[in-house]
$ cat work03.pdb   # PDB, C-alpha atoms
ATOM      1  CA  MET A   1      15.245  10.641 -11.289
ATOM      2  CA  SER A   2      14.669  14.336 -11.247
ATOM      3  CA  ALA A   3      11.133  15.582 -10.790
ATOM      4  CA  ALA A   4      11.735  18.536 -13.084
ATOM      5  CA  GLY A   5      10.151  18.628 -16.483
ATOM      6  CA  THR A   6       6.981  17.161 -17.902
ATOM      7  CA  ALA A   7       6.491  13.560 -18.872
ATOM      8  CA  ALA A   8       4.844  12.471 -22.069
ATOM      9  CA  ILE A   9       2.099   9.969 -21.288
ATOM     10  CA  TYR A  10       0.295   7.824 -23.827
ATOM     11  CA  SER A  11      -1.257   4.403 -24.245
ATOM     12  CA  PRO A  12       0.646   1.903 -26.359
ATOM     13  CA  MET A  13      -1.456   0.518 -29.193
ATOM     14  CA  GLY A  14      -2.729  -2.988 -28.602
ATOM     15  CA  ALA A  15      -1.993  -2.830 -24.874
ATOM     16  CA  SER A  16      -4.446  -3.008 -21.997
ATOM     17  CA  SER A  17      -6.547   0.087 -21.423
ATOM     18  CA  ARG A  18      -4.622   0.635 -18.185
ATOM     19  CA  ARG A  19      -1.178   0.402 -19.734
ATOM     20  CA  ARG A  20       0.738   3.666 -20.062
ATOM     21  CA  VAL A  21       4.241   4.735 -20.998
ATOM     22  CA  ILE A  22       5.831   7.679 -19.223
ATOM     23  CA  THR A  23       8.839   9.552 -20.508
ATOM     24  CA  THR A  24      10.862  10.819 -17.583
ATOM     25  CA  PRO A  25      12.605  14.216 -17.494
ATOM     26  CA  GLU A  26      15.791  12.312 -18.402
ATOM     27  CA  GLY A  27      14.210  11.017 -21.604
ATOM     28  CA  ILE A  28      13.686   7.418 -20.451
ATOM     29  CA  ALA A  29      10.443   5.760 -21.570
ATOM     30  CA  LEU A  30       9.016   3.429 -18.915
ATOM     31  CA  PRO A  31       5.939   1.192 -19.196
ATOM     32  CA  VAL A  32       3.545   1.327 -16.221
ATOM     33  CA  THR A  33       0.071   0.008 -15.474
ATOM     34  CA  VAL A  34      -2.467   2.257 -13.788
ATOM     35  CA  ALA A  35      -3.977   0.590 -10.717
ATOM     36  CA  SER A  36      -7.582  -0.510 -11.075
ATOM     37  CA  ARG A  37     -10.288   1.271  -9.111
ATOM     38  CA  GLY A  38     -11.091  -1.984  -7.339
ATOM     39  CA  ALA A  39      -7.486  -2.368  -6.147
ATOM     40  CA  ARG A  40      -7.505   1.196  -4.827
ATOM     41  CA  VAL A  41     -10.773   0.669  -2.943
ATOM     42  CA  GLY A  42      -9.490  -2.620  -1.552
ATOM     43  CA  ALA A  43      -6.255  -0.971  -0.396
ATOM     44  CA  LEU A  44      -8.200   1.815   1.323
ATOM     45  CA  ILE A  45     -10.447  -0.673   3.117
ATOM     46  CA  LEU A  46      -7.420  -2.669   4.277
ATOM     47  CA  ASP A  47      -5.757   0.501   5.563
ATOM     48  CA  PHE A  48      -8.908   1.455   7.467
ATOM     49  CA  VAL A  49      -9.058  -2.029   8.990
ATOM     50  CA  ILE A  50      -5.406  -1.733  10.047
ATOM     51  CA  GLN A  51      -6.076   1.703  11.534
ATOM     52  CA  PHE A  52      -9.169   0.445  13.365
ATOM     53  CA  LEU A  53      -7.302  -2.510  14.859
ATOM     54  CA  ALA A  54      -4.413  -0.271  15.914
ATOM     55  CA  LEU A  55      -6.863   2.156  17.517
ATOM     56  CA  LEU A  56      -8.692  -0.677  19.275
ATOM     57  CA  ILE A  57      -5.469  -2.116  20.687
ATOM     58  CA  PHE A  58      -4.274   1.328  21.771
ATOM     59  CA  THR A  59      -7.645   2.059  23.443
ATOM     60  CA  ILE A  60      -7.500  -1.202  25.390
ATOM     61  CA  LEU A  61      -3.907  -0.459  26.398
ATOM     62  CA  MET A  62      -4.820   3.044  27.564
ATOM     63  CA  GLY A  63      -7.776   1.696  29.534
ATOM     64  CA  TRP A  64      -5.572  -0.904  31.220
ATOM     65  CA  LEU A  65      -2.945   1.750  31.984
ATOM     66  CA  PHE A  66      -5.545   4.136  33.409
ATOM     67  CA  GLY A  67      -6.986   1.397  35.610
ATOM     68  CA  GLY A  68      -3.532   0.513  36.932
ATOM     69  CA  LEU A  69      -2.732   4.146  37.694
ATOM     70  CA  MET A  70      -6.045   4.571  39.522
ATOM     71  CA  ASP A  71      -5.097   1.745  41.847
ATOM     72  CA  VAL A  72      -1.789   3.453  42.597
ATOM     73  CA  ILE A  73      -3.123   6.980  43.222
ATOM     74  CA  GLU A  74      -6.464   6.001  44.777
ATOM     75  CA  GLY A  75      -7.748   8.730  47.080
ATOM     76  CA  MET A  76      -5.619  11.512  45.579
ATOM     77  CA  GLU A  77      -8.167  13.500  43.561
ATOM     78  CA  ASP A  78      -5.708  16.044  42.138
ATOM     79  CA  GLN A  79      -3.441  13.336  40.800
ATOM     80  CA  VAL A  80      -6.412  11.449  39.352
ATOM     81  CA  ALA A  81      -7.564  14.490  37.349
ATOM     82  CA  GLY A  82      -4.050  15.257  36.157
ATOM     83  CA  THR A  83      -3.447  11.669  35.108
ATOM     84  CA  ALA A  84      -6.727  11.515  33.219
ATOM     85  CA  GLU A  85      -5.938  14.741  31.347
ATOM     86  CA  PHE A  86      -2.474  13.476  30.427
ATOM     87  CA  LEU A  87      -3.831  10.179  29.082
ATOM     88  CA  ILE A  88      -6.523  12.015  27.102
ATOM     89  CA  ILE A  89      -3.842  14.205  25.492
ATOM     90  CA  ILE A  90      -1.817  11.110  24.579
ATOM     91  CA  TYR A  91      -4.931   9.503  23.121
ATOM     92  CA  LEU A  92      -5.782  12.587  21.025
ATOM     93  CA  ILE A  93      -2.220  12.739  19.688
ATOM     94  CA  PHE A  94      -2.481   9.091  18.688
ATOM     95  CA  LEU A  95      -5.794   9.762  16.909
ATOM     96  CA  PHE A  96      -4.193  12.646  14.998
ATOM     97  CA  LEU A  97      -1.221  10.508  13.981
ATOM     98  CA  MET A  98      -3.478   7.686  12.836
ATOM     99  CA  ARG A  99      -5.633  10.009  10.746
ATOM    100  CA  TYR A 100      -2.859  12.022   9.095
ATOM    101  CA  GLY A 101       0.513  10.504   9.947
ATOM    102  CA  TYR A 102      -0.310   6.937   8.851
ATOM    103  CA  PHE A 103      -0.760   7.735   5.161
ATOM    104  CA  LEU A 104       1.951  10.405   5.086
ATOM    105  CA  ALA A 105       4.627   8.269   6.740
ATOM    106  CA  CYS A 106       3.914   5.201   4.603
ATOM    107  CA  GLU A 107       3.720   6.996   1.250
ATOM    108  CA  LEU A 108       6.824   9.069   1.998
ATOM    109  CA  GLY A 109       8.748   5.844   2.515
ATOM    110  CA  PRO A 110      10.899   4.257  -0.199
ATOM    111  CA  ARG A 111       8.026   2.053  -1.423
ATOM    112  CA  GLY A 112       5.523   4.913  -1.765
ATOM    113  CA  ALA A 113       2.749   2.707  -0.393
ATOM    114  CA  THR A 114       0.703   2.028   2.721
ATOM    115  CA  PRO A 115       0.386  -1.565   3.994
ATOM    116  CA  GLY A 116      -2.974  -1.808   2.205
ATOM    117  CA  LYS A 117      -1.407  -0.744  -1.071
ATOM    118  CA  ARG A 118       1.468  -3.200  -0.630
ATOM    119  CA  ILE A 119      -0.967  -6.069  -0.088
ATOM    120  CA  THR A 120      -2.923  -5.175  -3.233
ATOM    121  CA  GLY A 121       0.283  -4.604  -5.214
ATOM    122  CA  ILE A 122      -0.030  -0.896  -5.969
ATOM    123  CA  ARG A 123       1.883   2.260  -5.063
ATOM    124  CA  VAL A 124       1.819   6.041  -5.457
ATOM    125  CA  ALA A 125       4.028   7.529  -8.187
ATOM    126  CA  ALA A 126       4.684  10.950  -9.684
ATOM    127  CA  ARG A 127       2.968  11.439 -13.036
ATOM    128  CA  ASP A 128       5.996  13.284 -14.451
ATOM    129  CA  GLY A 129       8.173  10.208 -14.028
ATOM    130  CA  GLY A 130      10.303  11.894 -11.353
ATOM    131  CA  ARG A 131      10.742  11.262  -7.657
ATOM    132  CA  LEU A 132       7.702  11.311  -5.393
ATOM    133  CA  THR A 133       8.128  14.488  -3.340
ATOM    134  CA  ALA A 134       6.976  15.202   0.196
ATOM    135  CA  GLU A 135       4.892  18.137  -1.073
ATOM    136  CA  ALA A 136       2.960  15.872  -3.425
ATOM    137  CA  VAL A 137       2.268  13.258  -0.744
ATOM    138  CA  ILE A 138       1.137  15.892   1.762
ATOM    139  CA  ALA A 139      -1.143  17.578  -0.788
ATOM    140  CA  ARG A 140      -2.875  14.376  -1.911
ATOM    141  CA  ASN A 141      -3.472  13.228   1.654
ATOM    142  CA  LEU A 142      -4.718  16.544   3.032
ATOM    143  CA  LEU A 143      -7.420  16.513   0.367
ATOM    144  CA  ARG A 144      -8.675  13.214   1.745
ATOM    145  CA  ASP A 145     -10.647  15.199   4.336
ATOM    146  CA  ILE A 146     -12.622  16.863   1.532
ATOM    147  CA  GLU A 147     -12.897  13.732  -0.566
ATOM    148  CA  LEU A 148     -13.729  11.147   2.101
ATOM    149  CA  PHE A 149     -14.125  12.187   5.725
ATOM    150  CA  LEU A 150     -16.436  15.149   5.154
ATOM    151  CA  PRO A 151     -18.663  13.123   2.810
ATOM    152  CA  LEU A 152     -19.051  10.583   5.589
ATOM    153  CA  VAL A 153     -20.278  13.349   7.920
ATOM    154  CA  PHE A 154     -22.804  14.527   5.341
ATOM    155  CA  LEU A 155     -23.947  10.986   4.636
ATOM    156  CA  LEU A 156     -24.713  10.568   8.330
ATOM    157  CA  GLU A 157     -26.267  13.989   8.961
ATOM    158  CA  ALA A 158     -27.907  15.212   5.753
ATOM    159  CA  PRO A 159     -30.587  12.510   5.308
ATOM    160  CA  GLY A 160     -32.018  13.342   8.723
ATOM    161  CA  GLY A 161     -32.542  16.955   7.703
ATOM    162  CA  ALA A 162     -30.637  18.306  10.694
ATOM    163  CA  MET A 163     -28.421  20.416   8.438
ATOM    164  CA  GLY A 164     -31.230  21.739   6.234
ATOM    165  CA  ASN A 165     -30.853  22.352   2.512
ATOM    166  CA  ALA A 166     -27.195  23.271   2.988
ATOM    167  CA  GLY A 167     -26.564  19.728   4.168
ATOM    168  CA  PHE A 168     -28.041  18.198   1.018
ATOM    169  CA  ALA A 169     -26.183  20.669  -1.215
ATOM    170  CA  GLY A 170     -22.933  19.848   0.576
ATOM    171  CA  LEU A 171     -23.678  16.143   0.298
ATOM    172  CA  ALA A 172     -24.103  16.408  -3.478
ATOM    173  CA  TRP A 173     -20.870  18.419  -3.801
ATOM    174  CA  PHE A 174     -18.793  15.972  -1.828
ATOM    175  CA  LEU A 175     -20.324  12.946  -3.556
ATOM    176  CA  LEU A 176     -18.926  14.469  -6.731
ATOM    177  CA  PHE A 177     -15.431  14.215  -5.216
ATOM    178  CA  MET A 178     -16.047  10.602  -4.263
ATOM    179  CA  ALA A 179     -17.078   9.802  -7.849
ATOM    180  CA  PHE A 180     -14.166  11.738  -9.369
ATOM    181  CA  PRO A 181     -12.009   8.633 -10.109
ATOM    182  CA  PHE A 182     -14.762   7.344 -12.414
ATOM    183  CA  PHE A 183     -14.652  10.482 -14.563
ATOM    184  CA  ASN A 184     -11.112   9.982 -15.916
ATOM    185  CA  LYS A 185      -9.311   7.051 -17.526
ATOM    186  CA  ASP A 186      -6.436   7.056 -15.005
ATOM    187  CA  ALA A 187      -8.767   6.748 -11.966
ATOM    188  CA  LEU A 188      -7.271   9.902 -10.452
ATOM    189  CA  ARG A 189      -8.623  11.307  -7.213
ATOM    190  CA  ALA A 190      -8.915  15.052  -6.880
ATOM    191  CA  GLY A 191      -5.900  14.767  -4.571
ATOM    192  CA  ASP A 192      -3.946  13.063  -7.344
ATOM    193  CA  VAL A 193      -4.813  15.859  -9.774
ATOM    194  CA  ILE A 194      -3.666  18.532  -7.318
ATOM    195  CA  ALA A 195      -0.495  16.681  -6.290
ATOM    196  CA  GLY A 196       0.530  15.463  -9.758
ATOM    197  CA  THR A 197       0.442  11.818  -8.680
ATOM    198  CA  TRP A 198      -1.261   8.630  -9.732
ATOM    199  CA  VAL A 199      -1.505   5.114  -8.355
ATOM    200  CA  VAL A 200       0.122   2.376 -10.426
ATOM    201  CA  GLU A 201       0.733  -1.319 -10.085
ATOM    202  CA  ALA A 202       3.961  -1.768  -8.162
ATOM    203  CA  PRO A 203       6.898  -3.461  -9.914
ATOM    204  CA  ARG A 204       8.282  -6.577  -8.309
ATOM    205  CA  GLY A 205      10.073  -5.721  -5.097
ATOM    206  CA  LYS A 206      12.710  -8.375  -5.806
ATOM    207  CA  LEU A 207      14.448  -8.776  -9.124
ATOM    208  CA  ALA A 208      13.708 -11.969 -10.948
ATOM    209  CA  GLU A 209      16.583 -14.141 -11.966
ATOM    210  CA  THR A 210      19.050 -12.345 -14.164
ATOM    211  CA  LEU A 211      17.780 -11.558 -17.622
ATOM    212  CA  SER A 212      18.962 -13.402 -20.706
ATOM    213  CA  THR A 213      22.408 -11.840 -20.430
ATOM    214  CA  GLN A 214      24.662 -14.872 -20.551
ATOM    215  CA  GLY A 215      28.120 -13.519 -21.092
ATOM    216  CA  ALA A 216      26.977  -9.955 -20.417
ATOM    217  CA  ALA A 217      28.748  -9.774 -17.073
ATOM    218  CA  SER A 218      32.013 -10.315 -18.912
ATOM    219  CA  GLY A 219      31.147  -7.341 -21.116
ATOM    220  CA  THR A 220      31.426  -9.130 -24.476
ATOM    221  CA  SER A 221      28.813  -8.375 -27.124
ATOM    222  CA  SER A 222      27.636 -11.459 -29.014
ATOM    223  CA  LEU A 223      26.649  -9.183 -31.902
ATOM    224  CA  THR A 224      29.771  -7.116 -32.480
ATOM    225  CA  GLY A 225      32.334  -8.704 -30.182
ATOM    226  CA  ALA A 226      32.816  -5.352 -28.447
ATOM    227  CA  GLN A 227      34.035  -5.372 -24.844
ATOM    228  CA  TYR A 228      31.962  -3.484 -22.264
ATOM    229  CA  GLU A 229      33.752  -3.190 -18.951
ATOM    230  CA  PHE A 230      32.594  -0.634 -16.391
ATOM    231  CA  GLY A 231      34.670   0.666 -13.514
ATOM    232  CA  GLU A 232      33.658   1.315  -9.929
ATOM    233  CA  ALA A 233      33.114   5.022 -10.543
ATOM    234  CA  GLU A 234      30.858   4.329 -13.534
ATOM    235  CA  LEU A 235      28.745   1.733 -11.721
ATOM    236  CA  SER A 236      28.468   3.823  -8.554
ATOM    237  CA  VAL A 237      26.290   6.472 -10.205
ATOM    238  CA  TYR A 238      23.183   4.246 -10.032
ATOM    239  CA  GLY A 239      21.423   2.225  -7.355
ATOM    240  CA  GLU A 240      18.683  -0.385  -6.884
ATOM    241  CA  HIS A 241      15.883   1.843  -8.193
ATOM    242  CA  GLU A 242      17.709   2.511 -11.454
ATOM    243  CA  LEU A 243      18.627  -1.183 -11.748
ATOM    244  CA  GLN A 244      14.943  -2.145 -11.553
ATOM    245  CA  THR A 245      14.107   0.559 -14.089
ATOM    246  CA  LEU A 246      16.746  -0.811 -16.446
ATOM    247  CA  GLU A 247      15.384  -4.318 -15.939
ATOM    248  CA  ARG A 248      11.884  -3.191 -16.979
ATOM    249  CA  VAL A 249      13.295  -1.476 -20.057
ATOM    250  CA  LEU A 250      15.203  -4.600 -21.106
ATOM    251  CA  ARG A 251      12.164  -6.804 -20.506
ATOM    252  CA  ASP A 252       9.365  -4.680 -21.920
ATOM    253  CA  GLY A 253      10.871  -1.599 -23.530
ATOM    254  CA  THR A 254      10.592  -0.686 -27.178
ATOM    255  CA  GLU A 255      13.600  -0.197 -29.418
ATOM    256  CA  GLU A 256      13.165   3.562 -29.017
ATOM    257  CA  SER A 257      13.229   3.350 -25.222
ATOM    258  CA  ILE A 258      16.334   1.118 -25.311
ATOM    259  CA  ILE A 259      18.125   3.656 -27.492
ATOM    260  CA  ALA A 260      17.040   6.524 -25.199
ATOM    261  CA  VAL A 261      18.212   4.713 -22.047
ATOM    262  CA  HIS A 262      21.498   3.798 -23.726
ATOM    263  CA  GLU A 263      22.183   7.435 -24.573
ATOM    264  CA  THR A 264      21.204   8.583 -21.085
ATOM    265  CA  ILE A 265      23.543   6.126 -19.344
ATOM    266  CA  CYS A 266      26.408   6.940 -21.708
ATOM    267  CA  ARG A 267      26.057  10.655 -20.961
ATOM    268  CA  LYS A 268      25.851   9.928 -17.231
ATOM    269  CA  ILE A 269      29.047   7.869 -17.096
ATOM    270  CA  GLY A 270      30.953   9.913 -19.670
ATOM    271  CA  TRP A 271      30.936   7.446 -22.571
ATOM    272  CA  GLU A 272      30.410   8.390 -26.200
ATOM    273  CA  PRO A 273      27.143   6.708 -27.267
ATOM    274  CA  GLY A 274      27.554   4.598 -30.376
ATOM    275  CA  ALA A 275      24.811   2.978 -32.430
ATOM    276  CA  GLY A 276      23.731  -0.551 -33.316
ATOM    277  CA  ASP A 277      24.793  -2.350 -30.129
ATOM    278  CA  GLU A 278      22.568  -0.643 -27.540
ATOM    279  CA  ARG A 279      21.008  -3.789 -26.061
ATOM    280  CA  ALA A 280      24.381  -5.499 -25.568
ATOM    281  CA  PHE A 281      25.662  -2.381 -23.817
ATOM    282  CA  LEU A 282      22.624  -2.229 -21.507
ATOM    283  CA  GLU A 283      22.744  -5.951 -20.736
ATOM    284  CA  ALA A 284      26.418  -5.671 -19.786
ATOM    285  CA  PHE A 285      25.758  -2.593 -17.659
ATOM    286  CA  TYR A 286      22.771  -4.294 -16.008
ATOM    287  CA  ALA A 287      24.702  -7.468 -15.194
ATOM    288  CA  GLN A 288      27.731  -5.625 -13.791
ATOM    289  CA  LEU A 289      25.642  -3.125 -11.836
ATOM    290  CA  ARG A 290      23.564  -5.921 -10.341
ATOM    291  CA  ALA A 291      26.701  -7.821  -9.336
ATOM    292  CA  ARG A 292      28.106  -4.703  -7.685
ATOM    293  CA  LEU A 293      24.898  -3.967  -5.746
ATOM    294  CA  GLU A 294      24.474  -7.572  -4.607
ATOM    295  CA  GLY A 295      28.106  -7.611  -3.491
ATOM    296  CA  GLY A 296      27.532  -4.484  -1.431
ATOM    297  CA  MET A 297      24.396  -5.937   0.169
ATOM    298  CA  ARG A 298      26.369  -8.943   1.376
ATOM    299  CA  PHE A 299      28.470  -6.510   3.414
ATOM    300  CA  GLY A 300      25.436  -4.591   4.673
ATOM    301  CA  LYS A 301      25.812  -1.708   2.211
ATOM    302  CA  ARG A 302      22.763  -0.690   0.182
ATOM    303  CA  LYS A 303      22.457   1.976  -2.475
ATOM    304  CA  ARG A 304      18.733   2.440  -2.995
ATOM    305  CA  ASP A 305      19.022   4.970  -5.805
ATOM    306  CA  LYS A 306      21.408   7.404  -7.457
ATOM    307  CA  PHE A 307      20.688  10.030  -4.785
ATOM    308  CA  SER A 308      21.795   7.872  -1.839
TER     309      SER A 308
END
$ encode --input "work03.pdb" --output "structure tokens"
Amino acid sequence: MSAAGTAAIYSPMGASSRRRVITTPEGIALPVTVASRGARVGALILDFVIQFLALLIFTILMGWLFGGLMDVIEGMEDQVAGTAEFLIIIYLIFLFLMRYGYFLACELGPRGATPGKRITGIRVAARDGGRLTAEAVIARNLLRDIELFLPLVFLLEAPGGAMGNAGFAGLAWFLLFMAFPFFNKDALRAGDVIAGTWVVEAPRGKLAETLSTQGAASGTSSLTGAQYEFGEAELSVYGEHELQTLERVLRDGTEESIIAVHETICRKIGWEPGAGDERAFLEAFYAQLRARLEGGMRFGKRKRDKFS
């Protein structure tokens, strides 16, 4: 989906306080659930544990490698110094990648989530309903230094008085950033506000068994008897991401969202949208698109979304 435009966001009446509906730039209304603050904290702790273990293993490996090289070049002082400097550079590069590259690489991936977020069942998403851009991921993660790492420095240094009054003032300022998610209903970090992102509960990675669309794959509407058959060119415009979106709409969407999605798909594939048989049309399109994508996967061909 395009990232252009602004999404309308509201809470459906009678739903959980964390339930939201976003209207994408293409006019599709999608239900989402904002991740709880506890899930976000748990994901962050898990990611830090993963980073710590990776750093520990890499440190042990570097120590073993340095010891082995010392045995080889014993007595050659110039080579010893050069080897030590080289290994230190490698170690510093690894530290940099763990601090910045870990979150960036994971959240720029197709799942938009670090391993910690995957375990807790949450992911990063664009608040406008569009695609998660590299700029947004970079912005939200660069602010982590201000929101988290600098506060840790102040928490360690300020109470001892070594930094004077400036240390306590800085500590109070950065604690405000750490408490920011508790000041808004969507649990947004300052980085989320800047980047236009939020963290939501991730939809199921695998589709459940086919929806109640018996007969839909054949394209026959049980309501009107109309035939819905879609050609290769019409089914090729969408991929797995859009299929999952359509599944959520058919499962949880309102009548208004079903009508909006029906009109959007008709415009996309060049059909004239009718009225009164929208669900039958979407069920037929869903069933035939799913069959096409699963057939392609059996031959090692995947279409992750409409852009691929």
$ residues_near_point --input "work03.pdb" --point "(-5.2, 0.5, 3.9)" --cutoff "10 Å" --atoms "only C-alpha atoms" --output "JSON, numbers by chain"
{"A": [40, 41, 42, 43, 44, 45, 46, 47, 48, 49, 50, 51, 102, 103, 113, 114, 115, 116, 117, 118, 119, 120]}
$ closest_residue --input "work03.pdb" --among "A:Leu175, A:Ala136, A:Ala39, A:Ile60" --to "Gly191 in chain A" --atoms "all atoms listed in the file"
A:Ala136
$ resolve_selection --input "work03.pdb" --expression "the PyMOL selection byres ((chain A and resi 289) around 10)" --output "number ranges by chain"
A: 217, 230-232, 234-240, 242-243, 283-288, 290-295
$ write_last_selection --input "work03.pdb" --atoms "C-alpha atoms" --output "PDB file, in the coordinates of the input"
ATOM      1  CA  ALA A 217      28.748  -9.774 -17.073  1.00  0.00           C
ATOM      2  CA  PHE A 230      32.594  -0.634 -16.391  1.00  0.00           C
ATOM      3  CA  GLY A 231      34.670   0.666 -13.514  1.00  0.00           C
ATOM      4  CA  GLU A 232      33.658   1.315  -9.929  1.00  0.00           C
ATOM      5  CA  GLU A 234      30.858   4.329 -13.534  1.00  0.00           C
ATOM      6  CA  LEU A 235      28.745   1.733 -11.721  1.00  0.00           C
ATOM      7  CA  SER A 236      28.468   3.823  -8.554  1.00  0.00           C
ATOM      8  CA  VAL A 237      26.290   6.472 -10.205  1.00  0.00           C
ATOM      9  CA  TYR A 238      23.183   4.246 -10.032  1.00  0.00           C
ATOM     10  CA  GLY A 239      21.423   2.225  -7.355  1.00  0.00           C
ATOM     11  CA  GLU A 240      18.683  -0.385  -6.884  1.00  0.00           C
ATOM     12  CA  GLU A 242      17.709   2.511 -11.454  1.00  0.00           C
ATOM     13  CA  LEU A 243      18.627  -1.183 -11.748  1.00  0.00           C
ATOM     14  CA  GLU A 283      22.744  -5.951 -20.736  1.00  0.00           C
ATOM     15  CA  ALA A 284      26.418  -5.671 -19.786  1.00  0.00           C
ATOM     16  CA  PHE A 285      25.758  -2.593 -17.659  1.00  0.00           C
ATOM     17  CA  TYR A 286      22.771  -4.294 -16.008  1.00  0.00           C
ATOM     18  CA  ALA A 287      24.702  -7.468 -15.194  1.00  0.00           C
ATOM     19  CA  GLN A 288      27.731  -5.625 -13.791  1.00  0.00           C
ATOM     20  CA  ARG A 290      23.564  -5.921 -10.341  1.00  0.00           C
ATOM     21  CA  ALA A 291      26.701  -7.821  -9.336  1.00  0.00           C
ATOM     22  CA  ARG A 292      28.106  -4.703  -7.685  1.00  0.00           C
ATOM     23  CA  LEU A 293      24.898  -3.967  -5.746  1.00  0.00           C
ATOM     24  CA  GLU A 294      24.474  -7.572  -4.607  1.00  0.00           C
ATOM     25  CA  GLY A 295      28.106  -7.611  -3.491  1.00  0.00           C
TER      26      GLY A 295
END
$ resolve_selection --input "work03.pdb" --expression "the PyMOL selection byres ((chain A and resi 100) around 12)" --output "VMD selection string"
chain A and resid 51 93 to 99 101 to 107 137 to 145 149
$ write_last_selection --input "work03.pdb" --atoms "C-alpha atoms" --output "mmCIF file, in the frame of the given file"
data_model
loop_
_atom_site.group_PDB
_atom_site.id
_atom_site.type_symbol
_atom_site.label_atom_id
_atom_site.label_comp_id
_atom_site.auth_asym_id
_atom_site.auth_seq_id
_atom_site.Cartn_x
_atom_site.Cartn_y
_atom_site.Cartn_z
ATOM 1 C CA GLN A 51 -6.076 1.703 11.534
ATOM 2 C CA ILE A 93 -2.220 12.739 19.688
ATOM 3 C CA PHE A 94 -2.481 9.091 18.688
ATOM 4 C CA LEU A 95 -5.794 9.762 16.909
ATOM 5 C CA PHE A 96 -4.193 12.646 14.998
ATOM 6 C CA LEU A 97 -1.221 10.508 13.981
ATOM 7 C CA MET A 98 -3.478 7.686 12.836
ATOM 8 C CA ARG A 99 -5.633 10.009 10.746
ATOM 9 C CA GLY A 101 0.513 10.504 9.947
ATOM 10 C CA TYR A 102 -0.310 6.937 8.851
ATOM 11 C CA PHE A 103 -0.760 7.735 5.161
ATOM 12 C CA LEU A 104 1.951 10.405 5.086
ATOM 13 C CA ALA A 105 4.627 8.269 6.740
ATOM 14 C CA CYS A 106 3.914 5.201 4.603
ATOM 15 C CA GLU A 107 3.720 6.996 1.250
ATOM 16 C CA VAL A 137 2.268 13.258 -0.744
ATOM 17 C CA ILE A 138 1.137 15.892 1.762
ATOM 18 C CA ALA A 139 -1.143 17.578 -0.788
ATOM 19 C CA ARG A 140 -2.875 14.376 -1.911
ATOM 20 C CA ASN A 141 -3.472 13.228 1.654
ATOM 21 C CA LEU A 142 -4.718 16.544 3.032
ATOM 22 C CA LEU A 143 -7.420 16.513 0.367
ATOM 23 C CA ARG A 144 -8.675 13.214 1.745
ATOM 24 C CA ASP A 145 -10.647 15.199 4.336
ATOM 25 C CA PHE A 149 -14.125 12.187 5.725
#
$ axis_aligned_box --input "work03.pdb" --around "range 284-297 of chain A" --padding-each-side "3 Å" --output "JSON"
{"center_x": 25.4, "center_y": -5.2, "center_z": -9.8, "size_x": 11.3, "size_y": 11.2, "size_z": 26.0}
$ atom_distance --input "work03.pdb" --atom1 "CA of Asp186 in chain A" --atom2 "CA of Leu152 in chain A"
24.4 Å
$ atom_distance --input "work03.pdb" --atom1 "CA of Leu148 in chain A" --atom2 "CA of Thr59 in chain A"
24.0 Å
$ atom_distance --input "work03.pdb" --atom1 "CA of Arg19 in chain A" --atom2 "CA of Ala202 in chain A"
12.8 Å
$ closest_residue --input "work03.pdb" --among "A:Thr133, A:Lys268, A:Leu246, A:His241" --to "Phe307 in chain A" --atoms "only C-alpha atoms"
A:His241
$ closest_residue --input "work03.pdb" --among "A:Lys185, A:Gly109, A:Met297, A:Leu69" --to "Arg18 in chain A" --atoms "all atoms listed in the file"
A:Lys185
$ closest_residue --input "work03.pdb" --among "A:Arg127, A:Lys301, A:Arg267, A:Arg20" --to "Leu188 in chain A" --atoms "all atoms listed in the file"
A:Arg127
